[in-house]
Amino acid sequence: MTDLVSSARAKRPEFRNINAFSDLPSYKLPPAGIVSILHRVSGAILFVLMPFIIWMFDTSVSSEFSFARFTHLFSAGIGFVPGWLFKLVALAIMWSYLHHFIAGMRHLWMDLSHDAVTKEFGRSSALVTLTLGTLLTVALGAKLFGLY
């Protein structure tokens with residue numbers, strides 16, 4: 001029995017020195033891995049941009065004058081920074097929040113239903129997460145940039 005196990009282990013390829021430039025681009029990450037990495041990236045973006053998020057919320061609800069100044073910032077910009085750059089930052093915040101929320105709900109669902117978690121469910125739920133987050137971001141981005 002141990003001879004079968006040792007012979008099966010001996011046939012597996014062994015990688016000792018991985019060259020990041022030649023080996024990593026050929027590696028195909030599964031959708032669940034992409035969602036996991038993007039979940040961490042979106043959380044980091046939300047954390048780093050938290051002062052901007054708090055400033056936007058405070059400025060938009062303080063008074064009518066501050067709200068007018070806030071909307072003018074997104075249309076005309078401030079100083080040498082154009083308004084579209086603020087819109088891109090807001091779009092990044094929207095994507096980060098949407099992706100982080102949807103991926104978090106996916107993780108909670110998998111935590112609550114241990115028996116239903118399979119490789120196929122992981123792949124399909126990851127694809128739903130990526131698609132839903134992207135479609136919602138595109139819809140909100142179209143509204144942000146005035147397409148409708």
# chains A, B, ... in the order shown; residues from 1 in each chain; ligands from 1

call {"tool": "select_by_dssp", "arguments": {"residues": "segment 21-123 of chain A", "states": "alpha helix (DSSP H)", "output": "number ranges by chain"}}
result
A: 31-48, 50-62, 64-76, 83-112, 119-123

call {"tool": "closest_atom_pairs", "arguments": {"of": "segment 47-138 of chain A", "to": "segment 20-42 of chain A", "cutoff": "12 Å", "atoms": "only C-alpha atoms", "output": "Markdown table"}}
result
| residue | atom | partner | partner_atom | distance |
| --- | --- | --- | --- | --- |
| A:Phe47 | CA | A:Ser42 | CA | 8.6 |
| A:Val48 | CA | A:Ser42 | CA | 9.9 |
| A:Leu49 | CA | A:Ser42 | CA | 10.5 |
| A:Met50 | CA | A:Ser42 | CA | 12.0 |
| A:Ala92 | CA | A:Ser42 | CA | 8.9 |
| A:Ile93 | CA | A:Ser42 | CA | 8.4 |
| A:Met94 | CA | A:Ser42 | CA | 9.8 |
| A:Trp95 | CA | A:Ser42 | CA | 7.7 |
| A:Ser96 | CA | A:Ser42 | CA | 4.4 |
| A:Tyr97 | CA | A:Ser42 | CA | 7.0 |
| A:Leu98 | CA | A:Ser42 | CA | 8.8 |
| A:His99 | CA | A:His39 | CA | 6.8 |
| A:His100 | CA | A:His39 | CA | 5.4 |
| A:Phe101 | CA | A:His39 | CA | 8.8 |
| A:Ile102 | CA | A:His39 | CA | 9.1 |
| A:Ala103 | CA | A:His39 | CA | 6.4 |
| A:Gly104 | CA | A:His39 | CA | 7.8 |
| A:Met105 | CA | A:His39 | CA | 11.1 |
| A:Arg106 | CA | A:Val35 | CA | 9.9 |
| A:His107 | CA | A:Ser36 | CA | 9.5 |
| A:Thr118 | CA | A:Ala32 | CA | 11.6 |
| A:Lys119 | CA | A:Ala32 | CA | 9.3 |
| A:Glu120 | CA | A:Ala32 | CA | 10.2 |
| A:Phe121 | CA | A:Ala32 | CA | 9.7 |
| A:Gly122 | CA | A:Ala32 | CA | 6.1 |
| A:Arg123 | CA | A:Ala32 | CA | 5.8 |
| A:Ser124 | CA | A:Pro31 | CA | 8.4 |
| A:Ser125 | CA | A:Ala32 | CA | 8.0 |
| A:Ala126 | CA | A:Ala32 | CA | 5.1 |
| A:Leu127 | CA | A:Pro31 | CA | 6.4 |
| A:Val128 | CA | A:Pro31 | CA | 9.9 |
| A:Thr129 | CA | A:Val35 | CA | 7.5 |
| A:Leu130 | CA | A:Val35 | CA | 7.0 |
| A:Thr131 | CA | A:Val35 | CA | 10.7 |
| A:Leu132 | CA | A:Val35 | CA | 11.9 |
| A:Gly133 | CA | A:Val35 | CA | 10.5 |
| A:Thr134 | CA | A:Val35 | CA | 11.9 |

call {"tool": "atom_distance", "arguments": {"atom1": "atom CA of Val81 of chain A", "atom2": "atom CA of Gly43 of chain A"}}
result
25.6 Å

call {"tool": "closest_residue", "arguments": {"among": "A:Met110, A:Leu144, A:Ile18, A:Val138", "to": "Gly83 of chain A", "atoms": "only C-alpha atoms"}}
result
A:Leu144

call {"tool": "closest_residue", "arguments": {"among": "A:Phe65, A:Phe52, A:Tyr148, A:Trp109", "to": "Phe86 of chain A", "atoms": "only C-alpha atoms"}}
result
A:Phe52
